[in-house]
>>> print(open('model.pdb').read())   # PDB, C-alpha atoms
ATOM      1  CA  MET W   6      -7.000 -23.391  -2.940
ATOM      2  CA  ALA W   7      -4.822 -24.464  -5.798
ATOM      3  CA  THR W   8      -1.313 -24.371  -7.175
ATOM      4  CA  ASP W   9      -0.554 -23.963 -10.844
ATOM      5  CA  GLN W  10       2.408 -24.077 -13.192
ATOM      6  CA  LYS W  11       5.137 -25.607 -11.032
ATOM      7  CA  SER W  12       4.100 -23.454  -8.095
ATOM      8  CA  LEU W  13       4.797 -20.160  -9.787
ATOM      9  CA  ILE W  14       1.313 -19.139  -8.665
ATOM     10  CA  TYR W  15      -0.566 -19.871  -5.450
ATOM     11  CA  THR W  16      -4.230 -18.927  -5.059
ATOM     12  CA  TYR W  17      -6.345 -18.389  -1.944
ATOM     13  CA  GLU W  18     -10.099 -18.010  -2.064
ATOM     14  CA  ALA W  19     -11.586 -15.797   0.646
ATOM     15  CA  PRO W  20     -15.246 -15.874   1.749
ATOM     16  CA  TRP W  21     -15.660 -12.254   0.596
ATOM     17  CA  GLN W  22     -14.283  -9.710  -1.863
ATOM     18  CA  ILE W  23     -10.745  -8.675  -0.880
ATOM     19  CA  TYR W  24      -9.670  -5.042  -0.656
ATOM     20  CA  GLY W  25      -6.903  -4.403   1.879
ATOM     21  CA  MET W  26      -3.926  -6.754   1.509
ATOM     22  CA  ASN W  27      -0.242  -6.855   2.386
ATOM     23  CA  TRP W  28       2.794  -9.041   3.013
ATOM     24  CA  SER W  29       4.380  -9.665   6.364
ATOM     25  CA  ILE W  30       7.938  -8.300   6.522
ATOM     26  CA  ARG W  31       9.501 -10.408   9.322
ATOM     27  CA  LYS W  32      11.977 -12.895   7.892
ATOM     28  CA  ASP W  33      10.668 -15.628  10.220
ATOM     29  CA  LYS W  34       7.161 -15.332   8.732
ATOM     30  CA  LYS W  35       7.673 -15.937   5.042
ATOM     31  CA  PHE W  36       4.590 -16.116   2.861
ATOM     32  CA  ARG W  37       2.358 -14.621   5.566
ATOM     33  CA  ILE W  38      -0.246 -12.224   4.175
ATOM     34  CA  ALA W  39      -3.101 -10.240   5.703
ATOM     35  CA  ILE W  40      -6.285  -9.665   3.715
ATOM     36  CA  GLY W  41      -9.303  -7.506   4.500
ATOM     37  CA  SER W  42     -12.892  -7.790   3.318
ATOM     38  CA  PHE W  43     -14.810  -5.279   1.235
ATOM     39  CA  LEU W  44     -18.386  -5.542   2.488
ATOM     40  CA  GLU W  45     -20.732  -2.581   2.209
ATOM     41  CA  GLU W  46     -21.661  -2.749   5.866
ATOM     42  CA  TYR W  47     -20.155  -1.937   9.242
ATOM     43  CA  ASN W  48     -18.921  -5.426  10.097
ATOM     44  CA  ASN W  49     -15.900  -6.418   8.029
ATOM     45  CA  ARG W  50     -13.152  -9.000   8.558
ATOM     46  CA  VAL W  51      -9.379  -9.356   8.422
ATOM     47  CA  GLN W  52      -7.649 -12.716   7.981
ATOM     48  CA  ILE W  53      -3.974 -13.573   8.338
ATOM     49  CA  ILE W  54      -3.119 -16.451   6.040
ATOM     50  CA  GLN W  55       0.087 -18.420   5.643
ATOM     51  CA  LEU W  56       1.366 -20.438   2.706
ATOM     52  CA  ASP W  57       2.171 -24.034   3.652
ATOM     53  CA  GLU W  58       5.034 -24.576   1.237
ATOM     54  CA  GLU W  59       5.045 -28.361   1.600
ATOM     55  CA  MET W  60       1.323 -28.703   0.968
ATOM     56  CA  GLY W  61       1.457 -25.939  -1.625
ATOM     57  CA  GLU W  62      -1.607 -24.122  -0.314
ATOM     58  CA  PHE W  63      -2.613 -21.226   1.882
ATOM     59  CA  LYS W  64      -3.819 -21.992   5.391
ATOM     60  CA  ASN W  65      -6.246 -19.734   7.212
ATOM     61  CA  ASP W  66      -5.933 -19.897  11.004
ATOM     62  CA  ASN W  67      -9.355 -18.839  12.290
ATOM     63  CA  ARG W  68      -7.783 -17.752  15.585
ATOM     64  CA  LEU W  69      -5.924 -15.022  13.637
ATOM     65  CA  ALA W  70      -9.063 -13.654  11.928
ATOM     66  CA  PHE W  71     -10.860 -10.716  13.511
ATOM     67  CA  ASP W  72     -13.687  -8.245  13.021
ATOM     68  CA  HIS W  73     -12.913  -4.819  11.599
ATOM     69  CA  PRO W  74     -15.305  -1.852  11.554
ATOM     70  CA  TYR W  75     -15.854  -0.879   7.906
ATOM     71  CA  PRO W  76     -13.498  -2.214   5.209
ATOM     72  CA  ALA W  77      -9.821  -1.668   6.038
ATOM     73  CA  THR W  78      -8.621   0.936   3.522
ATOM     74  CA  LYS W  79      -5.063  -0.309   3.995
ATOM     75  CA  ILE W  80      -3.258  -3.044   5.928
ATOM     76  CA  MET W  81       0.470  -3.137   6.737
ATOM     77  CA  PHE W  82       2.772  -5.190   8.933
ATOM     78  CA  ILE W  83       5.489  -3.441  10.944
ATOM     79  CA  PRO W  84       8.659  -2.911   8.840
ATOM     80  CA  ASP W  85      10.798  -5.138  11.066
ATOM     81  CA  LYS W  86      12.622  -7.656   8.903
ATOM     82  CA  GLU W  87      14.988  -8.695  11.699
ATOM     83  CA  CYS W  88      12.186  -9.477  14.194
ATOM     84  CA  GLN W  89      13.450  -7.011  16.818
ATOM     85  CA  LYS W  90      10.024  -5.632  17.733
ATOM     86  CA  PRO W  91       6.612  -7.002  18.699
ATOM     87  CA  ASP W  92       4.705  -8.588  15.826
ATOM     88  CA  LEU W  93       2.434  -5.680  14.912
ATOM     89  CA  MET W  94       0.021  -4.894  12.119
ATOM     90  CA  ALA W  95      -1.854  -1.673  11.377
ATOM     91  CA  THR W  96      -5.137  -0.936   9.607
ATOM     92  CA  THR W  97      -7.040   2.221   8.673
ATOM     93  CA  GLY W  98     -10.745   2.846   8.205
ATOM     94  CA  ASP W  99     -12.604   5.076  10.635
ATOM     95  CA  TYR W 100      -9.441   5.205  12.791
ATOM     96  CA  LEU W 101      -5.850   3.980  12.787
ATOM     97  CA  ARG W 102      -5.662   0.711  14.697
ATOM     98  CA  ILE W 103      -2.534  -1.159  15.793
ATOM     99  CA  TRP W 104      -2.944  -4.915  16.290
ATOM    100  CA  GLN W 105      -0.533  -7.269  18.054
ATOM    101  CA  ILE W 106      -0.264 -10.796  16.733
ATOM    102  CA  HIS W 107       0.355 -13.520  19.309
ATOM    103  CA  ASP W 108       0.436 -17.289  18.895
ATOM    104  CA  GLY W 109      -3.150 -18.121  18.213
ATOM    105  CA  ARG W 110      -4.730 -14.705  18.707
ATOM    106  CA  VAL W 111      -4.696 -11.082  17.575
ATOM    107  CA  GLU W 112      -5.367  -8.282  20.036
ATOM    108  CA  LEU W 113      -6.157  -4.614  19.474
ATOM    109  CA  LYS W 114      -3.165  -2.784  20.953
ATOM    110  CA  SER W 115      -4.162   0.828  20.182
ATOM    111  CA  LEU W 116      -6.999   2.752  18.632
ATOM    112  CA  LEU W 117      -5.592   6.115  17.558
ATOM    113  CA  ASN W 118      -8.095   8.930  17.098
ATOM    114  CA  ASN W 119      -7.106  12.558  16.736
ATOM    115  CA  ASN W 120     -10.674  13.922  16.700
ATOM    116  CA  LYS W 121     -11.177  13.742  20.444
ATOM    117  CA  ASN W 122     -13.664  16.608  20.582
ATOM    118  CA  SER W 123     -15.943  15.309  17.834
ATOM    119  CA  GLU W 124     -18.300  12.369  17.816
ATOM    120  CA  PHE W 125     -17.523  11.764  14.138
ATOM    121  CA  SER W 126     -14.142  11.125  12.608
ATOM    122  CA  ALA W 127     -13.270  11.765   8.984
ATOM    123  CA  PRO W 128     -12.465   8.419   7.320
ATOM    124  CA  LEU W 129      -8.805   7.589   6.766
ATOM    125  CA  THR W 130      -8.096   6.739   3.140
ATOM    126  CA  SER W 131      -4.601   5.276   3.552
ATOM    127  CA  PHE W 132      -1.416   5.263   5.624
ATOM    128  CA  ASP W 133       2.267   4.388   5.395
ATOM    129  CA  TRP W 134       4.610   2.953   8.013
ATOM    130  CA  ASN W 135       7.993   4.666   8.129
ATOM    131  CA  ASP W 136      10.716   2.100   7.322
ATOM    132  CA  ALA W 137      13.421   4.370   8.671
ATOM    133  CA  GLU W 138      11.551   5.108  11.918
ATOM    134  CA  PRO W 139       9.077   2.291  12.647
ATOM    135  CA  ARG W 140       7.466   4.125  15.558
ATOM    136  CA  GLN W 141       6.046   6.568  12.971
ATOM    137  CA  ILE W 142       2.945   6.020  10.887
ATOM    138  CA  GLY W 143       1.545   8.692   8.588
ATOM    139  CA  THR W 144      -2.194   8.637   7.863
ATOM    140  CA  CYS W 145      -4.231  10.644   5.357
ATOM    141  CA  SER W 146      -7.872  11.579   5.451
ATOM    142  CA  ILE W 147     -10.776  12.963   3.461
ATOM    143  CA  ASP W 148     -10.619  16.010   5.784
ATOM    144  CA  THR W 149      -7.547  17.253   3.770
ATOM    145  CA  THR W 150      -5.056  16.425   6.550
ATOM    146  CA  CYS W 151      -2.094  14.132   7.017
ATOM    147  CA  THR W 152      -1.316  13.023  10.563
ATOM    148  CA  ILE W 153       1.996  11.618  11.770
ATOM    149  CA  TRP W 154       1.567   9.330  14.789
ATOM    150  CA  ASP W 155       4.120   8.090  17.300
ATOM    151  CA  ILE W 156       2.601   4.650  17.803
ATOM    152  CA  GLU W 157       4.835   3.812  20.785
ATOM    153  CA  LYS W 158       3.706   6.841  22.799
ATOM    154  CA  GLU W 159       0.272   6.760  21.118
ATOM    155  CA  VAL W 160       0.399  10.502  20.443
ATOM    156  CA  VAL W 161       0.272  12.726  17.370
ATOM    157  CA  ASP W 162       3.694  14.045  16.333
ATOM    158  CA  THR W 163       2.287  16.365  13.678
ATOM    159  CA  GLN W 164      -0.957  17.065  11.927
ATOM    160  CA  LEU W 165      -1.023  19.308   8.900
ATOM    161  CA  ILE W 166      -3.463  20.453   6.263
ATOM    162  CA  ALA W 167      -1.818  18.840   3.272
ATOM    163  CA  HIS W 168      -4.142  19.642   0.373
ATOM    164  CA  ASP W 169      -7.178  21.633  -0.732
ATOM    165  CA  LYS W 170      -9.336  18.502  -1.010
ATOM    166  CA  GLU W 171      -9.457  14.903   0.217
ATOM    167  CA  VAL W 172      -6.059  13.198   0.604
ATOM    168  CA  TYR W 173      -6.092   9.713  -0.918
ATOM    169  CA  ASP W 174      -2.615   8.317  -0.323
ATOM    170  CA  ILE W 175       0.613   8.967   1.566
ATOM    171  CA  ALA W 176       4.143   7.549   1.219
ATOM    172  CA  TRP W 177       7.361   8.022   3.193
ATOM    173  CA  GLY W 178      10.473   8.884   1.208
ATOM    174  CA  GLY W 179      12.965   8.930   4.081
ATOM    175  CA  PRO W 180      13.232   9.571   7.822
ATOM    176  CA  GLY W 181      11.404  12.916   7.961
ATOM    177  CA  VAL W 182      10.017  13.246   4.454
ATOM    178  CA  PHE W 183       6.688  12.114   3.077
ATOM    179  CA  ALA W 184       4.479  12.831   0.094
ATOM    180  CA  SER W 185       0.749  12.731  -0.500
ATOM    181  CA  VAL W 186      -1.763  12.768  -3.362
ATOM    182  CA  SER W 187      -5.214  14.253  -3.374
ATOM    183  CA  ALA W 188      -8.530  14.916  -5.078
ATOM    184  CA  ASP W 189      -7.033  18.350  -5.832
ATOM    185  CA  GLY W 190      -4.848  16.618  -8.440
ATOM    186  CA  SER W 191      -1.465  17.356  -6.862
ATOM    187  CA  VAL W 192       1.490  15.406  -5.498
ATOM    188  CA  ARG W 193       3.047  17.296  -2.584
ATOM    189  CA  VAL W 194       6.217  16.574  -0.627
ATOM    190  CA  PHE W 195       6.569  17.526   3.051
ATOM    191  CA  ASP W 196       9.621  17.736   5.287
ATOM    192  CA  LEU W 197       8.868  17.459   9.011
ATOM    193  CA  ARG W 198      11.703  19.889   9.760
ATOM    194  CA  ASP W 199       9.817  22.626   7.884
ATOM    195  CA  LYS W 200       6.127  21.980   8.364
ATOM    196  CA  GLU W 201       4.941  25.312   6.990
ATOM    197  CA  HIS W 202       5.961  24.523   3.438
ATOM    198  CA  SER W 203       5.372  21.789   0.911
ATOM    199  CA  THR W 204       6.685  21.266  -2.601
ATOM    200  CA  ILE W 205       4.261  20.516  -5.422
ATOM    201  CA  ILE W 206       5.935  17.847  -7.556
ATOM    202  CA  TYR W 207       3.094  17.344 -10.028
ATOM    203  CA  GLU W 208      -0.403  18.543 -10.856
ATOM    204  CA  SER W 209      -2.675  16.481 -13.061
ATOM    205  CA  SER W 210      -2.979  17.878 -16.558
ATOM    206  CA  GLN W 211      -6.752  17.625 -16.525
ATOM    207  CA  PRO W 212      -7.813  20.138 -13.867
ATOM    208  CA  GLU W 213      -9.598  18.680 -10.859
ATOM    209  CA  THR W 214      -8.678  15.097 -11.755
ATOM    210  CA  PRO W 215      -7.999  13.304  -8.469
ATOM    211  CA  LEU W 216      -4.775  11.384  -7.917
ATOM    212  CA  LEU W 217      -5.559   8.134  -6.105
ATOM    213  CA  ARG W 218      -2.321   6.308  -5.325
ATOM    214  CA  LEU W 219       1.302   7.191  -4.723
ATOM    215  CA  GLY W 220       4.339   4.924  -4.846
ATOM    216  CA  TRP W 221       7.755   6.224  -3.776
ATOM    217  CA  ASN W 222      10.710   4.251  -5.117
ATOM    218  CA  LYS W 223      12.603   2.987  -2.054
ATOM    219  CA  ARG W 224      15.650   1.992  -4.116
ATOM    220  CA  ASP W 225      15.920   5.320  -5.904
ATOM    221  CA  PRO W 226      14.029   8.021  -3.997
ATOM    222  CA  ARG W 227      14.293  10.448  -6.911
ATOM    223  CA  TYR W 228      11.369   8.607  -8.496
ATOM    224  CA  MET W 229       7.735   8.282  -7.571
ATOM    225  CA  ALA W 230       4.654   7.136  -9.452
ATOM    226  CA  THR W 231       0.994   8.083  -9.251
ATOM    227  CA  ILE W 232      -2.305   7.169 -10.884
ATOM    228  CA  LEU W 233      -5.258   9.341 -11.866
ATOM    229  CA  MET W 234      -8.881   8.538 -11.232
ATOM    230  CA  ASP W 235     -10.493   6.541 -14.078
ATOM    231  CA  SER W 236      -7.272   6.663 -16.081
ATOM    232  CA  SER W 237      -5.370   3.837 -17.756
ATOM    233  CA  LYS W 238      -2.005   5.591 -17.489
ATOM    234  CA  VAL W 239       0.633   5.599 -14.773
ATOM    235  CA  VAL W 240       2.594   8.824 -14.292
ATOM    236  CA  VAL W 241       6.262   8.442 -13.293
ATOM    237  CA  LEU W 242       7.873  11.510 -11.699
ATOM    238  CA  ASP W 243      11.452  12.566 -11.014
ATOM    239  CA  ILE W 244      11.351  14.884  -8.013
ATOM    240  CA  ARG W 245      14.383  16.778  -9.335
ATOM    241  CA  PHE W 246      12.249  17.946 -12.262
ATOM    242  CA  PRO W 247       8.855  18.837 -10.796
ATOM    243  CA  THR W 248       5.659  19.221 -12.806
ATOM    244  CA  VAL W 249       6.778  17.284 -15.912
ATOM    245  CA  PRO W 250       6.393  13.489 -15.812
ATOM    246  CA  VAL W 251       9.561  11.636 -16.724
ATOM    247  CA  ALA W 252       7.405   8.873 -18.222
ATOM    248  CA  GLU W 253       3.783   7.883 -18.729
ATOM    249  CA  LEU W 254       3.079   4.160 -18.843
ATOM    250  CA  GLN W 255       0.167   3.667 -21.225
ATOM    251  CA  ARG W 256      -0.357  -0.026 -21.963
ATOM    252  CA  HIS W 257      -3.286  -0.746 -19.635
ATOM    253  CA  GLN W 258      -6.644  -1.021 -21.416
ATOM    254  CA  ALA W 259      -8.727   0.192 -18.455
ATOM    255  CA  SER W 260      -8.325   2.109 -15.191
ATOM    256  CA  VAL W 261      -5.184   1.404 -13.160
ATOM    257  CA  ASN W 262      -5.887   0.617  -9.504
ATOM    258  CA  ALA W 263      -2.523  -0.169  -7.933
ATOM    259  CA  ILE W 264       1.215   0.419  -8.319
ATOM    260  CA  ALA W 265       4.206  -1.129  -6.567
ATOM    261  CA  TRP W 266       7.877  -0.361  -7.046
ATOM    262  CA  ALA W 267      10.209  -3.337  -6.900
ATOM    263  CA  PRO W 268      11.679  -3.629  -3.397
ATOM    264  CA  HIS W 269      15.040  -4.869  -4.710
ATOM    265  CA  SER W 270      15.591  -2.978  -7.965
ATOM    266  CA  PRO W 271      15.619   0.768  -8.606
ATOM    267  CA  CYS W 272      14.129   0.533 -12.095
ATOM    268  CA  HIS W 273      11.208  -1.931 -11.971
ATOM    269  CA  ILE W 274       7.582  -1.168 -11.198
ATOM    270  CA  CYS W 275       4.427  -3.281 -11.270
ATOM    271  CA  THR W 276       0.998  -1.855 -12.157
ATOM    272  CA  ALA W 277      -2.440  -3.499 -12.107
ATOM    273  CA  GLY W 278      -5.957  -2.535 -13.054
ATOM    274  CA  ASP W 279      -9.459  -3.081 -14.318
ATOM    275  CA  ASP W 280      -8.158  -4.721 -17.511
ATOM    276  CA  CYS W 281      -7.353  -7.762 -15.296
ATOM    277  CA  GLN W 282      -3.664  -7.254 -16.042
ATOM    278  CA  ALA W 283      -0.604  -6.976 -13.833
ATOM    279  CA  LEU W 284       2.273  -5.477 -15.838
ATOM    280  CA  ILE W 285       5.938  -5.225 -14.873
ATOM    281  CA  TRP W 286       7.944  -2.416 -16.435
ATOM    282  CA  GLU W 287      11.675  -1.847 -16.664
ATOM    283  CA  LEU W 288      12.381   1.876 -16.453
ATOM    284  CA  SER W 289      16.151   2.095 -16.773
ATOM    285  CA  SER W 290      15.698   3.714 -20.192
ATOM    286  CA  ILE W 291      13.217   6.399 -19.152
ATOM    287  CA  SER W 292      15.807   9.147 -19.334
ATOM    288  CA  GLN W 293      15.567   8.763 -23.129
ATOM    289  CA  PRO W 294      11.998   9.027 -24.447
ATOM    290  CA  VAL W 295      10.893   5.851 -26.244
ATOM    291  CA  GLU W 296       9.099   6.254 -29.563
ATOM    292  CA  GLY W 297       5.483   5.188 -29.096
ATOM    293  CA  GLY W 298       5.956   4.758 -25.362
ATOM    294  CA  LEU W 299       7.396   2.032 -23.187
ATOM    295  CA  ASP W 300       6.178  -1.581 -23.285
ATOM    296  CA  PRO W 301       6.041  -3.803 -20.191
ATOM    297  CA  ILE W 302       8.536  -6.655 -19.922
ATOM    298  CA  LEU W 303       6.059  -9.020 -18.256
ATOM    299  CA  ALA W 304       2.283  -9.333 -18.272
ATOM    300  CA  TYR W 305      -0.035 -11.528 -16.228
ATOM    301  CA  THR W 306      -3.782 -11.756 -16.806
ATOM    302  CA  ALA W 307      -6.032 -12.507 -13.835
ATOM    303  CA  ALA W 308      -9.607 -13.795 -13.919
ATOM    304  CA  ALA W 309     -11.136 -10.451 -12.894
ATOM    305  CA  GLU W 310     -10.313  -6.784 -12.345
ATOM    306  CA  ILE W 311      -7.257  -6.451 -10.077
ATOM    307  CA  ASN W 312      -7.898  -3.996  -7.266
ATOM    308  CA  GLN W 313      -4.859  -4.573  -5.062
ATOM    309  CA  LEU W 314      -1.184  -5.296  -5.623
ATOM    310  CA  GLN W 315       1.763  -5.634  -3.212
ATOM    311  CA  TRP W 316       5.364  -6.673  -3.931
ATOM    312  CA  SER W 317       7.034  -8.556  -1.075
ATOM    313  CA  SER W 318      10.023  -6.698   0.371
ATOM    314  CA  THR W 319      11.301  -9.802   2.183
ATOM    315  CA  GLN W 320      10.826 -12.141  -0.794
ATOM    316  CA  PRO W 321      11.258  -9.837  -3.783
ATOM    317  CA  ASP W 322      10.660 -12.586  -6.330
ATOM    318  CA  TRP W 323       6.995 -12.709  -5.236
ATOM    319  CA  ALA W 324       4.182 -10.232  -5.826
ATOM    320  CA  ALA W 325       0.592 -10.544  -4.623
ATOM    321  CA  ILE W 326      -2.574  -9.441  -6.394
ATOM    322  CA  ALA W 327      -6.201  -9.440  -5.269
ATOM    323  CA  PHE W 328      -9.214  -9.696  -7.576
ATOM    324  CA  ALA W 329     -12.807 -10.475  -6.597
ATOM    325  CA  ASN W 330     -12.522 -12.899  -3.640
ATOM    326  CA  LYS W 331      -9.140 -14.307  -4.669
ATOM    327  CA  LEU W 332      -5.608 -13.608  -3.578
ATOM    328  CA  GLN W 333      -2.830 -14.806  -5.875
ATOM    329  CA  ILE W 334       0.886 -14.678  -5.318
ATOM    330  CA  LEU W 335       2.969 -14.704  -8.480
ATOM    331  CA  ARG W 336       6.606 -15.585  -8.828
ATOM    332  CA  VAL W 337       8.100 -12.692 -10.785
TER     333      VAL W 337
END
>>> encode(input="model.pdb", output="structure tokens")
Amino acid sequence: MATDQKSLIYTYEAPWQIYGMNWSIRKDKKFRIAIGSFLEEYNNRVQIIQLDEEMGEFKNDNRLAFDHPYPATKIMFIPDKECQKPDLMATTGDYLRIWQIHDGRVELKSLLNNNKNSEFSAPLTSFDWNDAEPRQIGTCSIDTTCTIWDIEKEVVDTQLIAHDKEVYDIAWGGPGVFASVSADGSVRVFDLRDKEHSTIIYESSQPETPLLRLGWNKRDPRYMATILMDSSKVVVLDIRFPTVPVAELQRHQASVNAIAWAPHSPCHICTAGDDCQALIWELSSISQPVEGGLDPILAYTAAAEINQLQWSSTQPDWAAIAFANKLQILRV
């Protein structure tokens, strides 16, 4: 564990390759991050680590580490900045699990499974916790569905067939509105008040090219961003003008793996990928096309391919990246 460059970067080395990763949101738990292992076996792990600002290093409390079946495809803490609710965390893999964090231990609060009549469940690829309604979590699955859970009652609010193929990511855009991306190459927006219909915002230009990740801009919900499988470009969409990207960010040299909109600015986005780079872009000029395409305003090069990226909503001057078995937080 090391600090570099006047503590603009802190690094934590895990005992395994990191995949799932996210920041805590509670304002009383600054610099708390959960990380999940990527081991090609049933038994995986999740750790909750905390930066000791005086010592300048991350501390891993073994009492807050726990086993997880299969790698966690996503990890999130409850969106509860003001600490009004229990200290909860959610993970997806074979099921959606809600964990409660206590002093010195983590307990499984709920295991949410909507396939009661089947021995097998279709793996969950991702989920999103609804900021505007924290009792709601939306999950997405390879079985083409999205499921909206009420985690307080532990019941399904809604399940709908969202796409023609596997659904790879889901993002809330407001109280009753979410969007998803799929192996069918489309971005679709759903409104829970009208479950029979969805709006296709974008379809990938190469037919049958899966879309892997979706980021919805919380500061300006007109904008979302998505990435294509094995592609080095990031597609930025304006939902008022469906089907035509408002910008394509094309400065990565290899596949992009992760995107994160700035939590505090409507026109900044961070992208990271297999070129070991994390790039920050300023998009205020995207209404006017830029000759030759937009350049990033900031670039950071990691020691290996970056497979995960999260921008802290509580401390917006910090972003976290994961590559190989390392977690780094960067002051941006």
>>> residues_around(input="model.pdb", residues="Pro76 of chain W", least_positions_apart="6", cutoff="6 Å", atoms="all atoms listed in the file", output="list in words")
Ser42, Phe43 and Asn49 of chain W
>>> resolve_selection(input="model.pdb", expression="the PyMOL selection byres ((chain W and resi 141) around 7)", output="list in words")
Trp134, Asn135, Glu138, Pro139, Arg140, Ile142, Gly143, Ile153, Trp154, Asp155 and Ile156 of chain W
>>> write_last_selection(input="model.pdb", atoms="C-alpha atoms", output="mmCIF file, keeping the file's coordinate frame")
data_model
loop_
_atom_site.group_PDB
_atom_site.id
_atom_site.type_symbol
_atom_site.label_atom_id
_atom_site.label_comp_id
_atom_site.auth_asym_id
_atom_site.auth_seq_id
_atom_site.Cartn_x
_atom_site.Cartn_y
_atom_site.Cartn_z
ATOM 1 C CA TRP W 134 4.610 2.953 8.013
ATOM 2 C CA ASN W 135 7.993 4.666 8.129
ATOM 3 C CA GLU W 138 11.551 5.108 11.918
ATOM 4 C CA PRO W 139 9.077 2.291 12.647
ATOM 5 C CA ARG W 140 7.466 4.125 15.558
ATOM 6 C CA ILE W 142 2.945 6.020 10.887
ATOM 7 C CA GLY W 143 1.545 8.692 8.588
ATOM 8 C CA ILE W 153 1.996 11.618 11.770
ATOM 9 C CA TRP W 154 1.567 9.330 14.789
ATOM 10 C CA ASP W 155 4.120 8.090 17.300
ATOM 11 C CA ILE W 156 2.601 4.650 17.803
#
>>> resolve_selection(input="model.pdb", expression="the PyMOL selection byres ((chain W and resi 64) around 9)", output="count of residues only")
10
>>> closest_residue(input="model.pdb", among="W:Ser289, W:Ser236, W:Ser185, W:Thr276", to="Ile326 of chain W", atoms="all atoms listed in the file")
W:Thr276
>>> residues_around(input="model.pdb", residues="Tyr15 of chain W", least_positions_apart="5", cutoff="12 Å", atoms="all atoms listed in the file", output="PyMOL selection string")
chain W and resi 6-10+36+55-58+60-64+323-327+331-336
>>> decode(input="model.pdb", residues="segment 188-193 of chain W", atoms="all heavy atoms", output="short mmCIF file (atom, residue, chain, number, x, y, z; two decimals), in the first residue's frame")
data_model
loop_
_atom_site.label_atom_id
_atom_site.label_comp_id
_atom_site.auth_asym_id
_atom_site.auth_seq_id
_atom_site.Cartn_x
_atom_site.Cartn_y
_atom_site.Cartn_z
N ALA W 188 -27.17 -7.12 -25.59
CA ALA W 188 -26.48 -7.79 -26.69
C ALA W 188 -27.21 -7.57 -28.01
O ALA W 188 -26.64 -7.82 -29.07
CB ALA W 188 -26.38 -9.29 -26.40
N ASP W 189 -28.47 -7.09 -27.96
CA ASP W 189 -29.16 -6.79 -29.22
C ASP W 189 -28.73 -5.45 -29.81
O ASP W 189 -29.20 -5.05 -30.88
CB ASP W 189 -30.69 -6.87 -29.06
CG ASP W 189 -31.27 -5.78 -28.13
OD1 ASP W 189 -30.57 -4.79 -27.84
OD2 ASP W 189 -32.42 -5.94 -27.68
N GLY W 190 -27.82 -4.75 -29.12
CA GLY W 190 -27.26 -3.51 -29.67
C GLY W 190 -28.08 -2.27 -29.45
O GLY W 190 -27.79 -1.23 -30.04
N SER W 191 -29.11 -2.34 -28.59
CA SER W 191 -29.96 -1.16 -28.41
C SER W 191 -29.89 -0.60 -27.00
O SER W 191 -29.60 -1.31 -26.04
CB SER W 191 -31.42 -1.50 -28.75
OG SER W 191 -31.97 -2.39 -27.79
N VAL W 192 -30.15 0.72 -26.91
CA VAL W 192 -30.41 1.40 -25.64
C VAL W 192 -31.90 1.66 -25.58
O VAL W 192 -32.45 2.29 -26.50
CB VAL W 192 -29.68 2.76 -25.56
CG1 VAL W 192 -29.97 3.44 -24.23
CG2 VAL W 192 -28.18 2.61 -25.76
N ARG W 193 -32.57 1.18 -24.55
CA ARG W 193 -34.02 1.38 -24.44
C ARG W 193 -34.36 2.06 -23.12
O ARG W 193 -33.76 1.74 -22.08
CB ARG W 193 -34.76 0.04 -24.54
CG ARG W 193 -34.44 -0.67 -25.85
CD ARG W 193 -35.30 -1.89 -26.08
NE ARG W 193 -34.85 -2.60 -27.28
CZ ARG W 193 -35.49 -3.61 -27.86
NH1 ARG W 193 -36.64 -4.04 -27.32
NH2 ARG W 193 -35.02 -4.19 -28.94
#
